[in-house]
Amino acid sequence: MKKLFILLFLTGMAFVPSTVMAVSMDDFKLNGFFDLEYEKADGPGHPVTPVGDEKGSLDQYHFNLLMEFPVNNQLTVKGHLEFEHSPKVPQTGEIKVEWAYVEYIFNNSMKIRGGSFLTPIGIYNEIHDATTTYNSVRTPWGIYRADKVGGFAMFPKYGTGINFLGNYYTDGDMYIDYVVYILNGENSVKNDAEKDDNSNKAIGGQLMLSPISGLLIGGSYFTGEKGIAEDDHSVWIGSLDYSTNHINVRAEYASSKLIDTTESGWYSEVSYRIKTVTPYIRYGTLDPDTDLNNDRWTEIVYGINYEIKPGFIVKLENRHFGGEANNSKVSENYNELGASVNVAF
Amino acid sequence: MIRYLICTISLVMFLAGSALAADVIIVNRNNPINDISSAQLKNIYNGRIKFWDNGTKIIPLDLVDDNPSALRFANVILGVDLETKRRFWMQKLYAGAGTPPQQETNYTKVISFVAAEPGAIGYVKKENATSAVKLITVNGKLDF
């Protein structure tokens with residue numbers, strides 16, 4: 001069935017009308033975002049391997065460029081390059097292709113993508129680097145960076161394969177956005193955008209329903225076999241988002257199972273926008289192993305997001321992290337000041 | 001008597017002001033559509049509807065945020081304020097889910113673009129609409 005899916009895609013793309021001419025620069029779109037962060041912690045968070053930045057550091061976090069080349073009315077090539085932590089050789093930092101895919105629109109309700117992309121999971125994964133799109137300096141780490149706070153990565157951030165996506169809408173406020181996909185899956189050795197570590201393909205999907213204006217309820221699912229060892233990995237996430245012009249309430253719950261270990265996390269956040277100033281608060285938690293006691297990680301984040309000009313944002317927040325004794329990464333409580341300047345262009 | 005006169009003049013000025021402030025939806029003259037629902041319009045400007053029924057690609061045009069019609073369109077048709085609209089598109093853009101409608105600086109540019117592009121749709125102040133474009137109704141009503 002999976003092979004048939006891939007064959008259908010490749011055969012279909014061969015018949016897609018295209019042009020050998022260069023894409024007109026009139027239609028070419030270039031956008032991006034930039035951010036500079038500052039963090040300072042009042043404790044190490046762990047007695048042996050500190051996670052809190054007690055010295056205080058400035059971080060030129062993202063400089064990302066998004067490109068869109070419309071080949072014709074239905075066919076578009078999209079790319080997203082990331083320069084993270086101002087990469088320099090031989091020091092650290094990352095240059096990544098966040099996504100690169102070709103997209104063909106069949107009609108108003110259906111399109112297909114082939115290439116590499118951010119896995120459509122939860123509310124944040126597809127926008128996790130675009131800090132201008134959310135209030136806090138960081139995404140909720142209990143779900144989106146579980147590997148940093150004592151767990152394992154709940155899901156693969158990226159994937160290479162094929163997406164079927166689209167929407168169903170009514171002549172009212174209700175709509176449904178859906179995605180189903182097939183990927184090489186998580187690798188442990190090779191670049192999954194080139195070769196699969198194993199012959200089993202990963203599959204997943206996401207359904208987001210908006211029954212009334214401003215309310216979004218959804219679910220995401222992913223299952224695959226990781227690396228050469230073909231370790232079973234599956235995750236599901238339930239998502240809820242309610243927005244008006246001023247209020248946003250958002251909550252998600254996730255459960256991920258890798259081989260025999262199950263971890264779960266959730267968060268809830270509330271914000272209230274007063275013109276260009278948005279105070280926000282979030283509570284989040286991760287249980288890295290549901291069979292192990294006293295290993296929980298928690299966060300309470302509160303701060304202010306101030307949009308000085310459209311697309312030019314300053315954020316300031318305090319994060320209180322709690323770590324229980326059996327958590328492998330954060331076993332002591334500490335506070336961290338976070339600030340950032342974010343620009344969308 | 002004077003109070004009556006003041007009330008009458010105020011009412012006339014209010015009604016005249018309301019009429020002048022009205023905006024209309026315009027499409028290319030060759031577009032067969034005559035009426036559109038507010039939900040369809042919302043879905044076009046939110047990027048969900050991309051093609052007209054005849055297969056022509058829809059090119060929605062917006063006005064820059066400091067144009068009063070942009071605020072009216074966002075409030076009445078999209079049901080949001082300009083800030084919420086901008087944040088909505090920022091999320092879609094950076095998720096790779098679409099790009100926001102092109103923003104024009106004035107009504108003349110909207111009319112010229114719509115007159116030249118078969119799939120274009122835009123909104124202008126009623127008094128600025130010309131015969132170069134076709135006015136369509138929203139839920140049977142000409143202005144909003």
# chains A, B, ... in the order shown; residues from 1 in each chain; ligands from 1

$ residues_around --residues "range 50-67 of chain B" --least-positions-apart "6" --cutoff "9 Å" --atoms "only C-alpha atoms" --output "mmCIF file with C-alpha atoms, in the first residue's frame"
data_model
loop_
_atom_site.group_PDB
_atom_site.id
_atom_site.type_symbol
_atom_site.label_atom_id
_atom_site.label_comp_id
_atom_site.auth_asym_id
_atom_site.auth_seq_id
_atom_site.Cartn_x
_atom_site.Cartn_y
_atom_site.Cartn_z
ATOM 1 C CA ASN A 73 -0.732 28.377 -11.121
ATOM 2 C CA GLN A 74 -0.703 24.901 -9.617
ATOM 3 C CA ASN A 107 -8.172 21.915 -6.456
ATOM 4 C CA ASN A 108 -9.434 23.980 -3.525
ATOM 5 C CA ASN B 31 -15.527 36.937 -14.231
ATOM 6 C CA PRO B 32 -19.022 35.341 -14.462
ATOM 7 C CA ILE B 33 -19.662 35.632 -10.726
ATOM 8 C CA ASN B 43 -12.139 31.583 2.771
ATOM 9 C CA ILE B 44 -10.634 33.318 -0.264
ATOM 10 C CA LEU B 82 -5.837 44.017 11.599
ATOM 11 C CA PRO B 100 -0.839 36.704 2.415
ATOM 12 C CA PRO B 101 -2.804 38.594 -0.242
ATOM 13 C CA GLN B 102 -0.836 41.281 -2.028
ATOM 14 C CA GLN B 103 -1.395 44.679 -0.413
ATOM 15 C CA GLU B 104 -1.951 47.738 -2.592
ATOM 16 C CA THR B 105 -1.483 51.283 -1.388
ATOM 17 C CA ASN B 106 -4.620 52.815 -2.885
ATOM 18 C CA TYR B 107 -7.936 52.155 -4.633
ATOM 19 C CA VAL B 110 -6.577 47.808 -6.835
ATOM 20 C CA PHE B 113 -4.890 45.245 -11.071
ATOM 21 C CA VAL B 114 -8.381 43.730 -10.997
ATOM 22 C CA GLU B 117 -6.104 40.099 -14.085
ATOM 23 C CA PRO B 118 -8.957 37.652 -14.882
ATOM 24 C CA GLY B 119 -8.819 35.959 -11.466
ATOM 25 C CA ALA B 120 -8.340 39.027 -9.294
ATOM 26 C CA ILE B 121 -10.710 40.152 -6.565
ATOM 27 C CA GLY B 122 -10.453 43.223 -4.367
ATOM 28 C CA TYR B 123 -12.369 45.800 -2.426
ATOM 29 C CA VAL B 124 -12.572 49.552 -2.837
#

$ closest_atom_pairs --of "chain A" --to "chain B" --cutoff "7 Å" --atoms "only C-alpha atoms" --output "tab-separated table"
residue	atom	partner	partner_atom	distance
A:Asn73	CA	B:Lys57	CA	6.6
A:Asn108	CA	B:Ile49	CA	5.3
A:Glu126	CA	B:Ala95	CA	5.1
A:Ile127	CA	B:Ala95	CA	5.3
A:Ala130	CA	B:Tyr94	CA	6.5
A:Thr133	CA	B:Gln91	CA	5.6
A:Asp171	CA	B:Ala39	CA	5.4
A:Gly172	CA	B:Ala39	CA	5.3
A:Asp173	CA	B:Ala39	CA	6.7
A:Asn245	CA	B:Thr84	CA	5.9

$ write_last_selection --atoms "N, CA and C atoms" --output "short mmCIF file (atom, residue, chain, number, x, y, z; two decimals), in the first residue's frame"
data_model
loop_
_atom_site.label_atom_id
_atom_site.label_comp_id
_atom_site.auth_asym_id
_atom_site.auth_seq_id
_atom_site.Cartn_x
_atom_site.Cartn_y
_atom_site.Cartn_z
N ASN A 73 0.34 28.14 -12.09
CA ASN A 73 -0.73 28.38 -11.12
C ASN A 73 -0.92 27.24 -10.13
N ASN A 108 -9.34 23.23 -4.78
CA ASN A 108 -9.43 23.98 -3.53
C ASN A 108 -9.28 23.10 -2.29
N GLU A 126 5.57 22.96 13.03
CA GLU A 126 5.84 23.58 11.73
C GLU A 126 6.25 25.05 11.85
N ILE A 127 6.10 25.64 13.06
CA ILE A 127 6.52 27.03 13.25
C ILE A 127 7.52 27.15 14.39
N ALA A 130 10.11 29.84 14.06
CA ALA A 130 9.59 31.18 13.73
C ALA A 130 9.06 31.84 15.00
N THR A 133 6.01 34.15 15.61
CA THR A 133 4.62 33.70 15.50
C THR A 133 4.00 33.31 16.84
N ASP A 171 -20.08 26.67 3.95
CA ASP A 171 -20.47 28.06 3.70
C ASP A 171 -20.82 28.72 5.04
N GLY A 172 -19.95 28.51 5.98
CA GLY A 172 -20.09 29.11 7.31
C GLY A 172 -18.70 29.22 7.89
N ASP A 173 -18.59 29.20 9.19
CA ASP A 173 -17.28 29.35 9.80
C ASP A 173 -16.52 28.03 9.94
N ASN A 245 -9.84 38.42 19.16
CA ASN A 245 -8.89 39.49 18.84
C ASN A 245 -7.91 39.74 19.99
#

$ residues_around --residues "Ala41 in chain A" --least-positions-apart "5" --cutoff "10 Å" --atoms "only C-alpha atoms" --output "list in words"
Val51, Gly52, Asp53, Glu54, Lys55, Gly56, Ser57, Asn318, Arg319, His320, Tyr334, Asn335, Glu336, Leu337 and Gly338 of chain A

$ write_last_selection --atoms "N, CA and C atoms" --output "PDB file, in the first residue's frame"
ATOM      1  N   VAL A  51      22.413  22.662  33.016  1.00  0.00           N
ATOM      2  CA  VAL A  51      21.587  23.045  31.860  1.00  0.00           C
ATOM      3  C   VAL A  51      21.266  24.540  31.890  1.00  0.00           C
ATOM      4  N   GLY A  52      21.302  25.129  33.105  1.00  0.00           N
ATOM      5  CA  GLY A  52      21.019  26.553  33.222  1.00  0.00           C
ATOM      6  C   GLY A  52      22.249  27.378  32.860  1.00  0.00           C
ATOM      7  N   ASP A  53      22.064  28.438  32.115  1.00  0.00           N
ATOM      8  CA  ASP A  53      23.170  29.302  31.694  1.00  0.00           C
ATOM      9  C   ASP A  53      23.366  30.387  32.758  1.00  0.00           C
ATOM     10  N   GLU A  54      24.234  30.100  33.727  1.00  0.00           N
ATOM     11  CA  GLU A  54      24.418  31.030  34.857  1.00  0.00           C
ATOM     12  C   GLU A  54      25.254  32.248  34.479  1.00  0.00           C
ATOM     13  N   LYS A  55      26.053  32.134  33.429  1.00  0.00           N
ATOM     14  CA  LYS A  55      26.881  33.274  33.015  1.00  0.00           C
ATOM     15  C   LYS A  55      26.038  34.324  32.308  1.00  0.00           C
ATOM     16  N   GLY A  56      25.011  33.900  31.656  1.00  0.00           N
ATOM     17  CA  GLY A  56      24.193  34.815  30.858  1.00  0.00           C
ATOM     18  C   GLY A  56      24.792  34.943  29.468  1.00  0.00           C
ATOM     19  N   SER A  57      24.008  34.607  28.429  1.00  0.00           N
ATOM     20  CA  SER A  57      24.565  34.624  27.072  1.00  0.00           C
ATOM     21  C   SER A  57      23.620  35.287  26.082  1.00  0.00           C
ATOM     22  N   ASN A 318      10.147  35.335  32.491  1.00  0.00           N
ATOM     23  CA  ASN A 318      10.796  34.565  33.543  1.00  0.00           C
ATOM     24  C   ASN A 318      10.300  33.123  33.439  1.00  0.00           C
ATOM     25  N   ARG A 319      11.264  32.202  33.572  1.00  0.00           N
ATOM     26  CA  ARG A 319      10.893  30.787  33.516  1.00  0.00           C
ATOM     27  C   ARG A 319      11.320  30.152  34.832  1.00  0.00           C
ATOM     28  N   HIS A 320      10.373  29.487  35.440  1.00  0.00           N
ATOM     29  CA  HIS A 320      10.725  28.703  36.626  1.00  0.00           C
ATOM     30  C   HIS A 320      10.660  27.237  36.231  1.00  0.00           C
ATOM     31  N   TYR A 334      15.326  25.783  39.225  1.00  0.00           N
ATOM     32  CA  TYR A 334      16.044  27.041  38.973  1.00  0.00           C
ATOM     33  C   TYR A 334      15.156  27.988  38.165  1.00  0.00           C
ATOM     34  N   ASN A 335      15.547  29.261  38.149  1.00  0.00           N
ATOM     35  CA  ASN A 335      14.832  30.283  37.370  1.00  0.00           C
ATOM     36  C   ASN A 335      15.723  30.749  36.238  1.00  0.00           C
ATOM     37  N   GLU A 336      15.096  31.195  35.190  1.00  0.00           N
ATOM     38  CA  GLU A 336      15.865  31.702  34.060  1.00  0.00           C
ATOM     39  C   GLU A 336      15.168  32.936  33.504  1.00  0.00           C
ATOM     40  N   LEU A 337      15.957  33.968  33.265  1.00  0.00           N
ATOM     41  CA  LEU A 337      15.441  35.158  32.599  1.00  0.00           C
ATOM     42  C   LEU A 337      15.656  34.962  31.101  1.00  0.00           C
ATOM     43  N   GLY A 338      14.643  35.205  30.318  1.00  0.00           N
ATOM     44  CA  GLY A 338      14.762  35.095  28.862  1.00  0.00           C
ATOM     45  C   GLY A 338      14.287  36.376  28.205  1.00  0.00           C
TER      46      GLY A 338
END

$ select_by_dssp --residues "range 216-258 of chain A" --states "strand (DSSP E or B)" --output "PyMOL selection string"
chain A and resi 216-226+231-243+247-258

$ select_by_dssp --residues "range 92-179 of chain A" --states "helix (DSSP H, G or I)" --output "ChimeraX atom specification"
/A:125-127,131-133,141-144,146-148

$ atom_distance --atom1 "CA of Leu165 in chain A" --atom2 "CA of Ser109 in chain A"
8.1 Å
